[in-house]
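Asks: Next up is a structure, given as structure tokens.
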Amino acid sequence: MNKKVLFDLNYGLYIVTSKEGDTFSGCVVNTVTQITAEEKPKLIVAINKENYTAEIAKKSKKMNLAVLSQEADMLLIGKFGFRSGRDINKLEGTEYKMGNNGIPIITEKVVSYIECNILQVIDCGTHDLFLLEMQEGEKIEEKEPMTYHYYHTVIKGKTPPKASSYNED
Ligand SMILES: Cc1cc2nc3c(=O)[nH]c(=O)nc-3n(C[C@H](O)[C@H](O)[C@H](O)COP(=O)(O)O)c2cc1C
């Protein structure tokens, strides 16, 4: 089986955030997809069970998504994609605003954001699949959204083991 064919799948790049009481975290993900187009559209996102963001989101039942722009740099992606909220306060030194649902939304190098309720969590083994219902959505900046392909080919960014699309080769 040639797992490299999975590199041909296309994705964007996002920072998902969640908060429960005083505990906050957010992480970079590529696994966001819109599923339905009803009045409150549904989306999915896959998050590794060991990520602090997944632990917090399962308790808070709310999650916000920020769509990264092509200008997102490795300082931002490094903080949210390679370090854990268990070890550092990721909001420190990061531009954000508070969502209507009380969950911080990253606004730095972001083109738009979506506030969501979590309807269901599906156990996929290493990862949990969160089924989300959109509650709010706003544009922040008219810039090009970052694609996963752009991240790998132009920024020459790496993908850590906890990402859904990690391949040890
Ligand atoms: C380009 C990129 C893509 C990633 N995609 C995902 C993903 O889809 N799902 C996931 O669980 N983690 C993904 N990660 C890894 C998490 O962002 C990373 O494990 C993060 O440090 C978790 O932080 P937390 O423990 O504060 O939640 C990705 C990281 C990068 C850099």
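How things are named: the first chain in the structure tokens is A, the next is B, and so on; residues count from 1 in each chain; ligands count from 1 in the order shown.
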Show me which residues are within 8 Å of ligand 1 counting only C-alpha atoms and all ligand atoms, and format the list as a PDB file with C-alpha atoms, in the first residue's frame.
Replies:
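After the write, pocket-v6.pdb holds the following:
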ATOM      1  CA  LEU A  13      -4.503  25.206   7.678  1.00  0.00           C
ATOM      2  CA  ILE A  15      -5.929  27.110  14.486  1.00  0.00           C
ATOM      3  CA  SER A  25      -5.527  25.656  24.433  1.00  0.00           C
ATOM      4  CA  GLY A  26      -5.481  25.780  20.694  1.00  0.00           C
ATOM      5  CA  CYS A  27      -3.637  23.847  18.040  1.00  0.00           C
ATOM      6  CA  VAL A  28      -2.857  23.908  14.343  1.00  0.00           C
ATOM      7  CA  VAL A  29      -4.917  21.446  12.305  1.00  0.00           C
ATOM      8  CA  ASN A  30      -5.315  20.727   8.613  1.00  0.00           C
ATOM      9  CA  THR A  31      -8.317  18.426   9.028  1.00  0.00           C
ATOM     10  CA  VAL A  32     -11.273  20.836   8.757  1.00  0.00           C
ATOM     11  CA  VAL A  45     -12.222  18.454  12.572  1.00  0.00           C
ATOM     12  CA  ALA A  46      -9.929  15.591  13.613  1.00  0.00           C
ATOM     13  CA  ILE A  47      -7.760  16.125  16.708  1.00  0.00           C
ATOM     14  CA  ASN A  48      -5.253  13.758  18.297  1.00  0.00           C
ATOM     15  CA  LYS A  49      -6.575  12.495  21.647  1.00  0.00           C
ATOM     16  CA  GLU A  50      -3.280  13.439  23.343  1.00  0.00           C
ATOM     17  CA  ASN A  51      -3.573  17.084  22.305  1.00  0.00           C
ATOM     18  CA  TYR A  52      -4.625  19.320  25.187  1.00  0.00           C
ATOM     19  CA  THR A  53      -7.067  21.084  22.841  1.00  0.00           C
ATOM     20  CA  ALA A  54      -9.048  17.825  22.384  1.00  0.00           C
ATOM     21  CA  GLU A  55      -9.200  17.253  26.148  1.00  0.00           C
ATOM     22  CA  ILE A  77       2.644  27.807  13.607  1.00  0.00           C
ATOM     23  CA  GLY A  78       5.480  26.658  15.885  1.00  0.00           C
ATOM     24  CA  LYS A  79       3.669  27.882  19.000  1.00  0.00           C
ATOM     25  CA  PHE A  80       0.304  26.343  18.116  1.00  0.00           C
ATOM     26  CA  GLY A  81       1.475  23.357  16.089  1.00  0.00           C
ATOM     27  CA  PHE A  82       4.555  22.045  17.881  1.00  0.00           C
ATOM     28  CA  ARG A  83       4.070  23.032  21.533  1.00  0.00           C
ATOM     29  CA  SER A  84       1.348  22.077  24.000  1.00  0.00           C
ATOM     30  CA  GLY A  85      -0.926  24.330  26.016  1.00  0.00           C
ATOM     31  CA  ARG A  86      -0.045  22.019  28.928  1.00  0.00           C
ATOM     32  CA  LYS A  90      -0.305  30.106  23.888  1.00  0.00           C
ATOM     33  CA  HIS A 127      -7.776  10.867  16.858  1.00  0.00           C
ATOM     34  CA  TYR A 148      -1.375  22.655   3.335  1.00  0.00           C
ATOM     35  CA  TYR A 151       2.829  25.309   3.862  1.00  0.00           C
ATOM     36  CA  GLY A 157       7.076  23.587   7.068  1.00  0.00           C
ATOM     37  CA  LYS A 158       7.100  20.173   8.720  1.00  0.00           C
ATOM     38  CA  THR A 159       4.242  18.133  10.197  1.00  0.00           C
ATOM     39  CA  PRO A 160       4.573  16.731  13.742  1.00  0.00           C
ATOM     40  CA  PRO A 161       3.638  13.121  14.694  1.00  0.00           C
ATOM     41  CA  LYS A 162       0.261  14.078  16.197  1.00  0.00           C
ATOM     42  CA  ALA A 163      -1.052  15.557  12.943  1.00  0.00           C
ATOM     43  CA  SER A 164      -3.611  13.363  11.154  1.00  0.00           C
ATOM     44  CA  SER A 165      -1.545  13.417   7.981  1.00  0.00           C
TER      45      SER A 165
END
Asks: DSSP on the backbone: what in chain A comes out alpha helix (DSSP H), as a ChimeraX atom specification?
Replies: /A:52-60,74-82,148-153
Asks: Those residues with N, CA and C atoms, as a short mmCIF file (atom, residue, chain, number, x, y, z; two decimals), in the first residue's frame please?
Replies:
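Saved file result-v6.cif follows:
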data_model
loop_
_atom_site.label_atom_id
_atom_site.label_comp_id
_atom_site.auth_asym_id
_atom_site.auth_seq_id
_atom_site.Cartn_x
_atom_site.Cartn_y
_atom_site.Cartn_z
N TYR A 52 -3.90 18.66 24.09
CA TYR A 52 -4.63 19.32 25.19
C TYR A 52 -5.92 19.94 24.67
N THR A 53 -5.88 20.44 23.44
CA THR A 53 -7.07 21.08 22.84
C THR A 53 -8.24 20.10 22.78
N ALA A 54 -7.97 18.83 22.46
CA ALA A 54 -9.05 17.83 22.38
C ALA A 54 -9.64 17.59 23.77
N GLU A 55 -8.75 17.49 24.76
CA GLU A 55 -9.20 17.25 26.15
C GLU A 55 -10.13 18.39 26.61
N ILE A 56 -9.74 19.62 26.35
CA ILE A 56 -10.53 20.78 26.78
C ILE A 56 -11.84 20.86 25.99
N ALA A 57 -11.76 20.63 24.69
CA ALA A 57 -12.95 20.75 23.83
C ALA A 57 -14.03 19.74 24.24
N LYS A 58 -13.60 18.54 24.64
CA LYS A 58 -14.58 17.52 25.03
C LYS A 58 -15.35 17.96 26.28
N LYS A 59 -14.70 18.76 27.13
CA LYS A 59 -15.38 19.25 28.34
C LYS A 59 -16.23 20.47 28.00
N SER A 60 -15.70 21.39 27.20
CA SER A 60 -16.41 22.67 26.99
C SER A 60 -17.53 22.56 25.96
N MET A 74 6.31 30.76 10.90
CA MET A 74 6.67 29.60 11.73
C MET A 74 6.67 29.95 13.22
N LEU A 75 6.69 31.23 13.56
CA LEU A 75 6.61 31.61 14.97
C LEU A 75 5.22 31.23 15.51
N LEU A 76 4.20 31.61 14.73
CA LEU A 76 2.81 31.31 15.11
C LEU A 76 2.53 29.81 14.98
N ILE A 77 2.92 29.23 13.85
CA ILE A 77 2.64 27.81 13.61
C ILE A 77 3.45 26.94 14.59
N GLY A 78 4.65 27.39 14.92
CA GLY A 78 5.48 26.66 15.88
C GLY A 78 4.83 26.64 17.26
N LYS A 79 4.29 27.79 17.68
CA LYS A 79 3.67 27.88 19.00
C LYS A 79 2.43 26.99 19.09
N PHE A 80 1.58 27.07 18.07
CA PHE A 80 0.30 26.34 18.12
C PHE A 80 0.37 24.93 17.53
N GLY A 81 1.42 24.65 16.77
CA GLY A 81 1.48 23.36 16.09
C GLY A 81 2.54 22.40 16.60
N PHE A 82 3.48 22.92 17.40
CA PHE A 82 4.56 22.04 17.88
C PHE A 82 4.70 22.06 19.39
N TYR A 148 -2.36 23.59 2.79
CA TYR A 148 -1.38 22.66 3.33
C TYR A 148 -0.22 22.51 2.34
N HIS A 149 -0.56 22.53 1.05
CA HIS A 149 0.44 22.42 0.00
C HIS A 149 1.40 23.61 0.04
N TYR A 150 0.85 24.82 0.21
CA TYR A 150 1.67 26.04 0.30
C TYR A 150 2.59 25.94 1.52
N TYR A 151 2.05 25.45 2.63
CA TYR A 151 2.83 25.31 3.86
C TYR A 151 4.05 24.40 3.63
N HIS A 152 3.83 23.31 2.91
CA HIS A 152 4.93 22.36 2.68
C HIS A 152 5.90 22.84 1.60
N THR A 153 5.36 23.41 0.51
CA THR A 153 6.23 23.70 -0.63
C THR A 153 6.88 25.09 -0.55
#
Asks: Which residues are near segment 95-100 of chain A? Cut-off 9 Å, only C-alpha atoms, ignore same chain within fewer than 3 positions. Put them as an MDAnalysis selection string.
Replies: chainID A and resid 64 91:92 103:109 115 136
Asks: Would you save the residues of that selection, restricted to C-alpha atoms, as an mmCIF file, in the first residue's frame?
Replies:
data_model
loop_
_atom_site.group_PDB
_atom_site.id
_atom_site.type_symbol
_atom_site.label_atom_id
_atom_site.label_comp_id
_atom_site.auth_asym_id
_atom_site.auth_seq_id
_atom_site.Cartn_x
_atom_site.Cartn_y
_atom_site.Cartn_z
ATOM 1 C CA ASN A 64 -13.573 28.065 17.408
ATOM 2 C CA LEU A 91 -2.349 33.310 24.162
ATOM 3 C CA GLU A 92 0.644 35.198 25.554
ATOM 4 C CA ILE A 103 -13.805 30.942 23.529
ATOM 5 C CA PRO A 104 -10.785 32.997 22.380
ATOM 6 C CA ILE A 105 -10.302 33.248 18.605
ATOM 7 C CA ILE A 106 -6.818 33.705 17.147
ATOM 8 C CA THR A 107 -6.853 36.772 14.861
ATOM 9 C CA GLU A 108 -3.129 36.946 13.955
ATOM 10 C CA LYS A 109 -2.445 36.120 10.259
ATOM 11 C CA GLU A 115 -17.522 29.770 16.151
ATOM 12 C CA GLU A 136 -20.989 32.536 14.003
#
Asks: Contacts of Ile118 of chain A at 6 Å or less, counting only C-alpha atoms, minus same-chain residues fewer than 6 places along, as a list of chain:residue names?
Replies: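 Non-adjacent residues within range: A:Lys61, A:Lys62, A:Leu131, A:Leu132.
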Asks: For N, CA and C atoms, I'd like the residues from the last selection saved as a short mmCIF file (atom, residue, chain, number, x, y, z; two decimals), in the first residue's frame.
Replies:
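Produced file selection15.cif, reproduced below:
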data_model
loop_
_atom_site.label_atom_id
_atom_site.label_comp_id
_atom_site.auth_asym_id
_atom_site.auth_seq_id
_atom_site.Cartn_x
_atom_site.Cartn_y
_atom_site.Cartn_z
N LYS A 61 -17.43 21.56 25.07
CA LYS A 61 -18.44 21.36 24.00
C LYS A 61 -18.52 22.54 23.03
N LYS A 62 -17.46 23.36 23.03
CA LYS A 62 -17.40 24.49 22.10
C LYS A 62 -15.99 24.58 21.53
N LEU A 131 -17.71 16.62 15.44
CA LEU A 131 -18.75 17.12 14.54
C LEU A 131 -19.23 18.45 15.10
N LEU A 132 -19.08 19.50 14.29
CA LEU A 132 -19.32 20.87 14.76
C LEU A 132 -20.53 21.49 14.07
#
Asks: Give the answer as one residue: which of A:Cys124, A:Ile114, A:Met134, A:Val154 has the shortest atom-to-atom distance to Glu38 of chain A, using only C-alpha atoms?
Replies: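 Of all the options, A:Met134 lies closest to Glu38 of chain A.
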Asks: Excluding Glu144 of chain A and residues on its chain fewer than 5 positions from it, collect all residues at most 8 Å away from it, counting only C-alpha atoms, and give them as a compact mmCIF listing (two decimals) with N, CA and C atoms, in the first residue's frame.
Replies:
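Generated file (part_4.txt):
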# COMPACT_ATOMS: atom_id res chain seq x y z
N SER A 69 -3.93 32.66 7.16
CA SER A 69 -3.60 33.25 5.86
C SER A 69 -2.22 32.75 5.42
N GLN A 70 -1.90 32.99 4.16
CA GLN A 70 -0.59 32.58 3.62
C GLN A 70 0.55 33.26 4.36
N VAL A 111 -7.57 34.89 8.07
CA VAL A 111 -8.48 35.54 7.10
C VAL A 111 -9.93 35.56 7.58
Asks: Taking only C-alpha atoms into account, name the residue in A:Thr126, A:Ser112, A:Asn117, A:Thr36 that is nearest to Glu142 of chain A.
Replies: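 Among A:Thr126, A:Ser112, A:Asn117, A:Thr36, it is A:Ser112 that comes nearest to Glu142 of chain A.
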Asks: A:Val16, A:Ile44, A:Ala37, A:Val5: which is nearest Ile122 of chain A, counting only C-alpha atoms?
Replies: A:Ile44
Asks: Return the single residue from A:Leu68, A:Ile35, A:Asn101, A:Asp123 that is closest to Glu141 of chain A, with distances computed using only C-alpha atoms.
Replies: A:Leu68
Asks: Would you mind reading off the distance between atom CA of Lys19 of chain A and atom CA of Asp87 of chain A, one decimal, in Å?
Replies: 15.5 Å
Asks: In Å, rounded to a single decimal, give me how far atom CA of Leu65 of chain A is from atom CA of Leu129 of chain A.
Replies: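 Distance between the two atoms: 14.5 Å.
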Asks: Using only C-alpha atoms, find the one residue out of A:Leu9, A:Leu43, A:Val110, A:Ile88 that sits nearest to Gln135 of chain A.
Replies: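 Closest residue, counting only C-alpha atoms: A:Leu43.
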Asks: Could you tell me how far atom CA of Glu138 of chain A lies from atom CA of Met63 of chain A, in Å and to one decimal?
Replies: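 Computing the Euclidean distance for atom CA of Glu138 of chain A and atom CA of Met63 of chain A yields 14.9 Å.
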Asks: Tell me which of A:Leu119, A:Gln34, A:Lys139, A:Asp22 sits closest to Ala66 of chain A, counting only C-alpha atoms.
Replies: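 Nearest to Ala66 of chain A: A:Lys139.
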